[in-house]
Structures are given as C-alpha cells and as structure tokens.
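Asks: Supplied structure: entry_34.pdb, PDB, C-alpha atoms.
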```pdb
ATOM      1  CA  LYS T   5     -31.460 125.100 246.467
ATOM      2  CA  LEU T   6     -29.404 124.403 243.347
ATOM      3  CA  PRO T   7     -26.967 127.183 242.356
ATOM      4  CA  VAL T   8     -28.600 127.602 238.938
ATOM      5  CA  SER T   9     -31.703 129.220 237.526
ATOM      6  CA  ILE T  10     -34.187 126.666 236.218
ATOM      7  CA  THR T  11     -37.357 127.331 234.265
ATOM      8  CA  THR T  12     -39.719 124.420 233.743
ATOM      9  CA  TYR T  13     -42.466 124.036 231.177
ATOM     10  CA  ALA T  14     -45.037 121.257 231.484
ATOM     11  CA  ALA T  15     -46.044 120.199 227.985
ATOM     12  CA  CYS T  16     -48.917 117.818 228.693
ATOM     13  CA  ALA T  17     -51.156 115.968 226.283
ATOM     14  CA  GLU T  18     -54.072 113.644 226.733
ATOM     15  CA  ASN T  19     -55.073 111.256 223.994
ATOM     16  CA  MET T  20     -58.864 111.433 224.270
ATOM     17  CA  PRO T  21     -60.796 111.128 221.014
ATOM     18  CA  SER T  22     -63.808 113.281 220.264
ATOM     19  CA  GLY T  23     -65.539 114.845 217.295
ATOM     20  CA  SER T  24     -62.928 117.609 217.245
ATOM     21  CA  ALA T  25     -59.911 115.285 217.571
ATOM     22  CA  GLN T  26     -57.058 115.372 215.075
ATOM     23  CA  ARG T  27     -57.163 113.009 212.155
ATOM     24  CA  PRO T  28     -54.326 111.520 210.112
ATOM     25  CA  GLY T  29     -53.557 113.985 207.345
ATOM     26  CA  ASP T  30     -54.310 117.108 209.387
ATOM     27  CA  VAL T  31     -51.700 119.858 209.254
ATOM     28  CA  VAL T  32     -51.104 121.826 212.445
ATOM     29  CA  THR T  33     -49.073 124.978 212.932
ATOM     30  CA  ALA T  34     -46.562 124.879 215.746
ATOM     31  CA  TYR T  35     -45.764 127.758 218.054
ATOM     32  CA  GLY T  36     -43.232 129.685 216.010
ATOM     33  CA  GLY T  37     -44.946 128.995 212.684
ATOM     34  CA  ARG T  38     -43.636 125.641 211.399
ATOM     35  CA  THR T  39     -46.248 123.268 209.997
ATOM     36  CA  VAL T  40     -46.550 119.598 210.918
ATOM     37  CA  GLU T  41     -48.407 116.879 209.062
ATOM     38  CA  VAL T  42     -50.098 114.543 211.529
ATOM     39  CA  LEU T  43     -49.550 111.017 210.245
ATOM     40  CA  ASN T  44     -50.178 109.303 213.573
ATOM     41  CA  THR T  45     -52.561 110.760 216.143
ATOM     42  CA  ASP T  46     -50.993 108.594 218.845
ATOM     43  CA  ALA T  47     -47.872 110.773 218.592
ATOM     44  CA  GLU T  48     -49.708 113.683 220.203
ATOM     45  CA  GLY T  49     -47.175 114.351 222.959
ATOM     46  CA  ARG T  50     -44.507 115.537 220.576
ATOM     47  CA  LEU T  51     -46.951 118.102 219.184
ATOM     48  CA  VAL T  52     -47.222 119.926 222.507
ATOM     49  CA  LEU T  53     -43.547 119.308 223.279
ATOM     50  CA  MET T  54     -42.496 121.039 220.045
ATOM     51  CA  ASP T  55     -44.345 124.159 221.203
ATOM     52  CA  ALA T  56     -42.739 124.013 224.651
ATOM     53  CA  LEU T  57     -39.264 123.667 223.123
ATOM     54  CA  VAL T  58     -39.762 126.735 220.947
ATOM     55  CA  ARG T  59     -41.182 128.712 223.861
ATOM     56  CA  ALA T  60     -38.389 127.659 226.224
ATOM     57  CA  GLN T  61     -35.748 128.961 223.840
ATOM     58  CA  GLU T  62     -37.287 132.441 223.962
ATOM     59  CA  ASP T  63     -35.816 132.676 227.483
ATOM     60  CA  LYS T  64     -32.281 132.284 226.021
ATOM     61  CA  PRO T  65     -31.274 129.305 228.212
ATOM     62  CA  ASP T  66     -27.785 127.857 228.343
ATOM     63  CA  LEU T  67     -29.297 124.397 228.006
ATOM     64  CA  VAL T  68     -32.687 122.930 227.121
ATOM     65  CA  VAL T  69     -33.454 119.474 228.488
ATOM     66  CA  ASP T  70     -36.726 117.818 227.640
ATOM     67  CA  VAL T  71     -37.946 114.756 229.507
ATOM     68  CA  ALA T  72     -40.780 112.849 227.893
ATOM     69  CA  THR T  73     -42.479 109.486 227.728
ATOM     70  CA  LEU T  74     -42.150 109.943 223.994
ATOM     71  CA  THR T  75     -41.920 106.557 222.288
ATOM     72  CA  GLY T  76     -42.883 102.972 222.879
ATOM     73  CA  ALA T  77     -39.933 102.203 220.619
ATOM     74  CA  ALA T  78     -37.613 103.200 223.477
ATOM     75  CA  VAL T  79     -39.144 100.428 225.577
ATOM     76  CA  VAL T  80     -38.605  97.946 222.761
ATOM     77  CA  ALA T  81     -34.998  99.047 222.296
ATOM     78  CA  LEU T  82     -33.898  99.429 225.924
ATOM     79  CA  GLY T  83     -36.297  97.440 228.070
ATOM     80  CA  ARG T  84     -38.290  98.621 231.083
ATOM     81  CA  ARG T  85     -35.576 100.264 233.196
ATOM     82  CA  ILE T  86     -33.367 102.260 230.832
ATOM     83  CA  ALA T  87     -34.061 105.712 229.385
ATOM     84  CA  ALA T  88     -32.713 106.940 226.051
ATOM     85  CA  VAL T  89     -30.541 110.052 225.815
ATOM     86  CA  MET T  90     -30.165 112.041 222.595
ATOM     87  CA  ALA T  91     -28.592 115.451 222.120
ATOM     88  CA  ASN T  92     -27.417 117.825 219.443
ATOM     89  CA  HIS T  93     -23.842 117.589 220.797
ATOM     90  CA  ASP T  94     -22.196 114.223 221.500
ATOM     91  CA  GLU T  95     -20.161 115.612 224.413
ATOM     92  CA  LEU T  96     -23.299 116.995 226.036
ATOM     93  CA  ARG T  97     -25.137 113.681 225.547
ATOM     94  CA  ASN T  98     -22.237 111.829 227.184
ATOM     95  CA  HIS T  99     -22.201 114.340 230.042
ATOM     96  CA  VAL T 100     -25.884 113.603 230.746
ATOM     97  CA  VAL T 101     -25.295 109.836 230.580
ATOM     98  CA  ASP T 102     -22.459 110.308 233.093
ATOM     99  CA  ALA T 103     -24.733 112.362 235.368
ATOM    100  CA  ALA T 104     -27.321 109.569 235.171
ATOM    101  CA  SER T 105     -24.729 106.981 236.103
ATOM    102  CA  ARG T 106     -23.510 109.041 239.064
ATOM    103  CA  SER T 107     -27.098 109.526 240.266
ATOM    104  CA  GLY T 108     -27.978 105.832 240.060
ATOM    105  CA  GLU T 109     -30.292 106.065 237.034
ATOM    106  CA  SER T 110     -29.903 103.926 233.920
ATOM    107  CA  MET T 111     -29.698 105.876 230.670
ATOM    108  CA  TRP T 112     -28.221 104.925 227.337
ATOM    109  CA  PRO T 113     -26.880 107.259 224.613
ATOM    110  CA  LEU T 114     -28.559 107.088 221.213
ATOM    111  CA  PRO T 115     -27.591 108.972 218.043
ATOM    112  CA  LEU T 116     -29.578 111.467 216.001
ATOM    113  CA  PRO T 117     -28.537 110.211 212.541
ATOM    114  CA  SER T 118     -28.893 113.059 210.067
ATOM    115  CA  GLU T 119     -29.397 110.620 207.196
ATOM    116  CA  TYR T 120     -32.672 109.505 208.830
ATOM    117  CA  ARG T 121     -34.137 113.032 208.766
ATOM    118  CA  VAL T 122     -35.417 112.632 205.181
ATOM    119  CA  LYS T 123     -38.014 110.101 206.422
ATOM    120  CA  LEU T 124     -39.764 112.962 208.259
ATOM    121  CA  ASP T 125     -40.261 114.953 205.049
ATOM    122  CA  SER T 126     -43.836 115.882 204.207
ATOM    123  CA  ALA T 127     -45.374 116.851 200.874
ATOM    124  CA  VAL T 128     -47.870 119.188 202.581
ATOM    125  CA  ALA T 129     -46.045 120.586 205.648
ATOM    126  CA  ASP T 130     -42.591 121.485 206.906
ATOM    127  CA  ILE T 131     -42.283 118.103 208.650
ATOM    128  CA  ALA T 132     -44.310 114.966 209.440
ATOM    129  CA  ASN T 133     -44.847 113.936 213.070
ATOM    130  CA  ILE T 134     -43.652 110.350 212.508
ATOM    131  CA  ALA T 135     -41.624 108.257 210.088
ATOM    132  CA  GLU T 136     -41.358 104.503 209.681
ATOM    133  CA  PRO T 137     -41.808 102.296 212.771
ATOM    134  CA  LEU T 138     -38.239 100.972 212.741
ATOM    135  CA  GLY T 139     -36.010 103.306 214.760
ATOM    136  CA  GLY T 140     -39.013 105.117 216.230
ATOM    137  CA  THR T 141     -37.044 106.546 219.150
ATOM    138  CA  LEU T 142     -34.495 108.088 216.792
ATOM    139  CA  TYR T 143     -37.248 109.622 214.651
ATOM    140  CA  GLY T 144     -38.881 111.057 217.758
ATOM    141  CA  GLY T 145     -35.595 112.714 218.692
ATOM    142  CA  LEU T 146     -35.023 113.962 215.151
ATOM    143  CA  PHE T 147     -38.528 115.431 215.090
ATOM    144  CA  LEU T 148     -37.928 117.361 218.315
ATOM    145  CA  GLN T 149     -34.499 118.524 217.128
ATOM    146  CA  GLU T 150     -36.266 120.342 214.275
ATOM    147  CA  PHE T 151     -37.644 122.786 216.855
ATOM    148  CA  ILE T 152     -34.251 123.603 218.377
ATOM    149  CA  THR T 153     -32.519 126.660 216.954
ATOM    150  CA  LYS T 154     -28.982 126.410 215.647
ATOM    151  CA  GLY T 155     -26.460 126.871 218.433
ATOM    152  CA  GLN T 156     -28.891 126.009 221.244
ATOM    153  CA  LYS T 157     -27.628 123.178 223.462
ATOM    154  CA  TRP T 158     -30.356 120.551 223.792
ATOM    155  CA  VAL T 159     -30.822 117.106 225.330
ATOM    156  CA  HIS T 160     -33.815 114.808 224.944
ATOM    157  CA  LEU T 161     -34.510 112.113 227.553
ATOM    158  CA  ASP T 162     -37.032 109.500 226.428
ATOM    159  CA  ILE T 163     -38.220 108.007 229.713
ATOM    160  CA  ALA T 164     -41.080 105.956 228.238
ATOM    161  CA  ALA T 165     -39.767 102.791 229.863
ATOM    162  CA  PRO T 166     -38.589 103.796 233.352
ATOM    163  CA  ALA T 167     -41.283 106.422 234.083
ATOM    164  CA  PHE T 168     -43.618 103.778 235.477
ATOM    165  CA  ASN T 169     -42.591 100.550 237.175
ATOM    166  CA  SER T 170     -45.354  97.969 236.795
ATOM    167  CA  GLU T 171     -43.211  95.256 238.392
ATOM    168  CA  GLY T 172     -41.987  95.052 241.986
ATOM    169  CA  PRO T 173     -39.741  97.609 243.704
ATOM    170  CA  PHE T 174     -35.993  97.474 243.040
ATOM    171  CA  ASP T 175     -33.076  99.494 244.424
ATOM    172  CA  TYR T 176     -34.650 102.853 245.399
ATOM    173  CA  THR T 177     -37.361 102.538 242.710
ATOM    174  CA  PRO T 178     -40.896 101.905 243.964
ATOM    175  CA  LYS T 179     -43.679 100.143 242.136
ATOM    176  CA  GLY T 180     -45.703 102.728 240.235
ATOM    177  CA  ALA T 181     -44.554 106.191 239.149
ATOM    178  CA  THR T 182     -40.791 106.458 239.545
ATOM    179  CA  GLY T 183     -39.746 110.096 239.141
ATOM    180  CA  SER T 184     -37.399 108.960 236.393
ATOM    181  CA  ALA T 185     -34.779 111.559 235.410
ATOM    182  CA  VAL T 186     -35.189 113.744 238.528
ATOM    183  CA  ARG T 187     -31.955 112.476 240.088
ATOM    184  CA  THR T 188     -30.130 112.892 236.792
ATOM    185  CA  LEU T 189     -31.365 116.462 236.382
ATOM    186  CA  VAL T 190     -30.279 117.405 239.906
ATOM    187  CA  THR T 191     -26.851 115.860 239.287
ATOM    188  CA  LEU T 192     -26.599 117.579 235.904
TER     189      LEU T 192
END
```
How would this structure read if it were set down as structure tokens?
Replies:
Amino acid sequence: KLPVSITTYAACAENMPSGSAQRPGDVVTAYGGRTVEVLNTDAEGRLVLMDALVRAQEDKPDLVVDVATLTGAAVVALGRRIAAVMANHDELRNHVVDAASRSGESMWPLPLPSEYRVKLDSAVADIANIAEPLGGTLYGGLFLQEFITKGQKWVHLDIAAPAFNSEGPFDYTPKGATGSAVRTLVTL
C-alpha cells in the first residue's frame, strides 16, 4: 500500500556446471547488445543482473535500485551484518544509507571510483565481468553501472553479507534468511 508504483524484476542465477556451462574466455552478449568477456564463471549473477538493469530502464523509472548478493568481497570489507551501498549520485547514495539507518538496517556507503573502471577493460568485448580481487565490491558496482544509461538514477545494494544469518538471532533478525534490504526499500 505504498503511494508509489513499483516494478520488480527477479534476476536469478544458479551456478551449476554442465557440459554447456560458460567457460573463462567466453564472450556473451547482454540484453541491449553490449558484449561481456567472462573471466570468472563464479560471477554469474552480475550477468543476469546486467540484463535486468537494461530491461528495467525500458520502463522509464524515476529510480532503479538493484539488490544483490553480488560479491564475497563485501563480506570481507564490511563483515556479516552490513550491506554496501553504491550509486551514481552521492546524494542518492546517502539518502539510501539514511533510509537504512531509519529502518534499523546496517548499510555503509562505498564509492564508484571512475579511475578503477579501466581494470574492467577487455581486449575482446565491451567489458570484462571482473577485475582484480582487491576492491571486488567496487568493481562489481562499476560493472553494473556500465548498464545504466546516462541520467538514470541508480543505486546498488550488495547484501552478500546480511542476506543470510548463519549465527544466532539478533535484534529483529532471525537465524537463516533475513529479508535484508526490504525495510530499507519500504522506507526509501
């Protein structure tokens, strides 16, 4: 019963190898035509998320928010209870962090440093799906940003850490799946 119109896309991936699975070095074409060099097959989620981001923008939304268990690097950087927030506008990113705080969720703002983008360059495609392991969360965000059109407001929430609580319950958070980001999205 929120006073806004919300469209949701579920970009789901399952990492199950088979004879037809992707291999490092494969080049895939994203929805919208951009090509991606697959350097790490374990970064499969961002390949379906890129398509969902392009498709979502066809609806001309005021804001695109993606929520993904995108990188293990977010867990390394922020621990088990804090999600990362990146956006293509600093004010928007800070607004989401504030909404998280007001809703009782822990989220931390991270930058999208333009000088890091060069590490995603590919000799055989428009972009590579990963870069170096250091700063992996930032590279994940930079990769996704490549599929956001100029002028489109966009926020990326990397909930890799708080999406599942393998420890005991705390505050309102149960053991198991947590529903991370739902409260923040409702507040936003």
Asks: Determine the nearest neighbour of Glu109 of chain T from the options T:Gln26, T:Thr12, T:Thr153, T:Thr182, counting only C-alpha atoms.
Replies: T:Thr182
Asks: When you draw a straight line from atom CA of Leu148 of chain T to atom CA of Trp112 of chain T, how long is it in Å?
Replies: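 These two atoms are separated by 18.2 Å.
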Asks: What does the distance between atom CA of Leu96 of chain T and atom CA of Pro166 of chain T come to in Å, to one decimal place?
Replies: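 Separation between atom CA of Leu96 of chain T and atom CA of Pro166 of chain T: 21.5 Å.
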Asks: Using all atoms listed in the file, pick whichever of T:Ser126, T:Asn133, T:Thr141, T:Gln156 has the shortest atom-to-atom distance to Val89 of chain T.
Replies: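 That would be T:Thr141, the residue with the smallest distance to Val89 of chain T.
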Asks: Got a sec to resolve the PyMOL selection byres ((chain T and resi 106) around 12) on this structure and send the residues as an MDAnalysis selection string?
Replies: chainID T and resid 99:105 107:111 187:192
Asks: Dump C-alpha atoms for the selected residues as a short mmCIF file (atom, residue, chain, number, x, y, z; two decimals), in the frame of the given file?
Replies:
```
data_model
loop_
_atom_site.label_atom_id
_atom_site.label_comp_id
_atom_site.auth_asym_id
_atom_site.auth_seq_id
_atom_site.Cartn_x
_atom_site.Cartn_y
_atom_site.Cartn_z
CA HIS T 99 -22.20 114.34 230.04
CA VAL T 100 -25.88 113.60 230.75
CA VAL T 101 -25.30 109.84 230.58
CA ASP T 102 -22.46 110.31 233.09
CA ALA T 103 -24.73 112.36 235.37
CA ALA T 104 -27.32 109.57 235.17
CA SER T 105 -24.73 106.98 236.10
CA SER T 107 -27.10 109.53 240.27
CA GLY T 108 -27.98 105.83 240.06
CA GLU T 109 -30.29 106.06 237.03
CA SER T 110 -29.90 103.93 233.92
CA MET T 111 -29.70 105.88 230.67
CA ARG T 187 -31.96 112.48 240.09
CA THR T 188 -30.13 112.89 236.79
CA LEU T 189 -31.36 116.46 236.38
CA VAL T 190 -30.28 117.40 239.91
CA THR T 191 -26.85 115.86 239.29
CA LEU T 192 -26.60 117.58 235.90
#
```
Asks: Evaluate the PyMOL selection byres ((chain T and resi 167) around 12) and record the selected residues as a tab-separated table (two decimals) with C-alpha atoms, keeping the file's coordinate frame, following the chain and residue labels used in the document.
Replies:
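Saved file part.tsv follows:
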```
chain	number	residue	atom	x	y	z
T	71	VAL	CA	-37.95	114.76	229.51
T	72	ALA	CA	-40.78	112.85	227.89
T	73	THR	CA	-42.48	109.49	227.73
T	74	LEU	CA	-42.15	109.94	223.99
T	75	THR	CA	-41.92	106.56	222.29
T	76	GLY	CA	-42.88	102.97	222.88
T	78	ALA	CA	-37.61	103.20	223.48
T	79	VAL	CA	-39.14	100.43	225.58
T	83	GLY	CA	-36.30	97.44	228.07
T	84	ARG	CA	-38.29	98.62	231.08
T	85	ARG	CA	-35.58	100.26	233.20
T	86	ILE	CA	-33.37	102.26	230.83
T	87	ALA	CA	-34.06	105.71	229.38
T	88	ALA	CA	-32.71	106.94	226.05
T	109	GLU	CA	-30.29	106.06	237.03
T	110	SER	CA	-29.90	103.93	233.92
T	161	LEU	CA	-34.51	112.11	227.55
T	162	ASP	CA	-37.03	109.50	226.43
T	163	ILE	CA	-38.22	108.01	229.71
T	164	ALA	CA	-41.08	105.96	228.24
T	165	ALA	CA	-39.77	102.79	229.86
T	166	PRO	CA	-38.59	103.80	233.35
T	168	PHE	CA	-43.62	103.78	235.48
T	169	ASN	CA	-42.59	100.55	237.18
T	170	SER	CA	-45.35	97.97	236.80
T	177	THR	CA	-37.36	102.54	242.71
T	178	PRO	CA	-40.90	101.90	243.96
T	179	LYS	CA	-43.68	100.14	242.14
T	180	GLY	CA	-45.70	102.73	240.24
T	181	ALA	CA	-44.55	106.19	239.15
T	182	THR	CA	-40.79	106.46	239.54
T	183	GLY	CA	-39.75	110.10	239.14
T	184	SER	CA	-37.40	108.96	236.39
T	185	ALA	CA	-34.78	111.56	235.41
T	186	VAL	CA	-35.19	113.74	238.53
```
Asks: Show me, as AutoDock Vina command-line options, the centre and edge lengths in Å to one decimal of the axis-aligned box that covers every listed atom of segment 11-16 of chain T with 5 Å on each side.
Replies:
```
--center_x -43.1 --center_y 122.6 --center_z 231.1 --size_x 21.6 --size_y 19.5 --size_z 16.3
```
Asks: With only C-alpha atoms counted, which protein, DNA or RNA residues have an atom no more than 10 Å from (-28.3, 97.4, 221.7) in the file frame? Please answer as an MDAnalysis selection string.
Replies: chainID T and resid 81:82 112 114
Asks: When the PyMOL selection byres ((chain T and resi 157) around 8) is applied to the structure above, which residues does it catch, written out as a list in words?
Replies: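 Applying the PyMOL selection byres ((chain T and resi 157) around 8) to the structure shown produces Asp66, Leu67, Val68, Ala91, Asn92, His93, Leu96, Gly155, Gln156, Trp158 and Val159 of chain T.
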Asks: Figure out the distance between atom CA of Pro65 of chain T and atom CA of Leu51 of chain T, please, to one decimal in Å.
Replies: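 Calculated distance between atom CA of Leu51 of chain T and atom CA of Pro65 of chain T is 21.3 Å.
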Asks: Using all atoms listed in the file, which residue out of T:Gly23, T:Leu43, T:Leu116, T:Glu18 lies closest to His160 of chain T?
Replies: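 Answer, going by the shortest atom-to-atom distance: T:Leu116.
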Asks: Please provide the set of residues having any atom within 12 Å of segment 44-46 of chain T, restricted to all atoms listed in the file, with same-chain residues fewer than 6 positions apart removed, written as JSON, numbers by chain.
Replies: {"T": [17, 18, 19, 20, 21, 25, 26, 27, 28, 29, 30, 31, 32, 74, 75, 76, 132, 133, 134, 135, 136, 137]}
Asks: Tell me which of T:Thr11, T:Thr39, T:Thr33, T:Ser118 sits closest to Asp63 of chain T, counting all atoms listed in the file.
Replies: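 Under the stated criterion, the closest residue is T:Thr11.
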Asks: Which residue is closest to Ile131 of chain T? Choose from T:Ala77, T:Ser22, T:Tyr143, T:Leu53 and count only C-alpha atoms.
Replies: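 Counting only C-alpha atoms, the residue closest to Ile131 of chain T is T:Tyr143.
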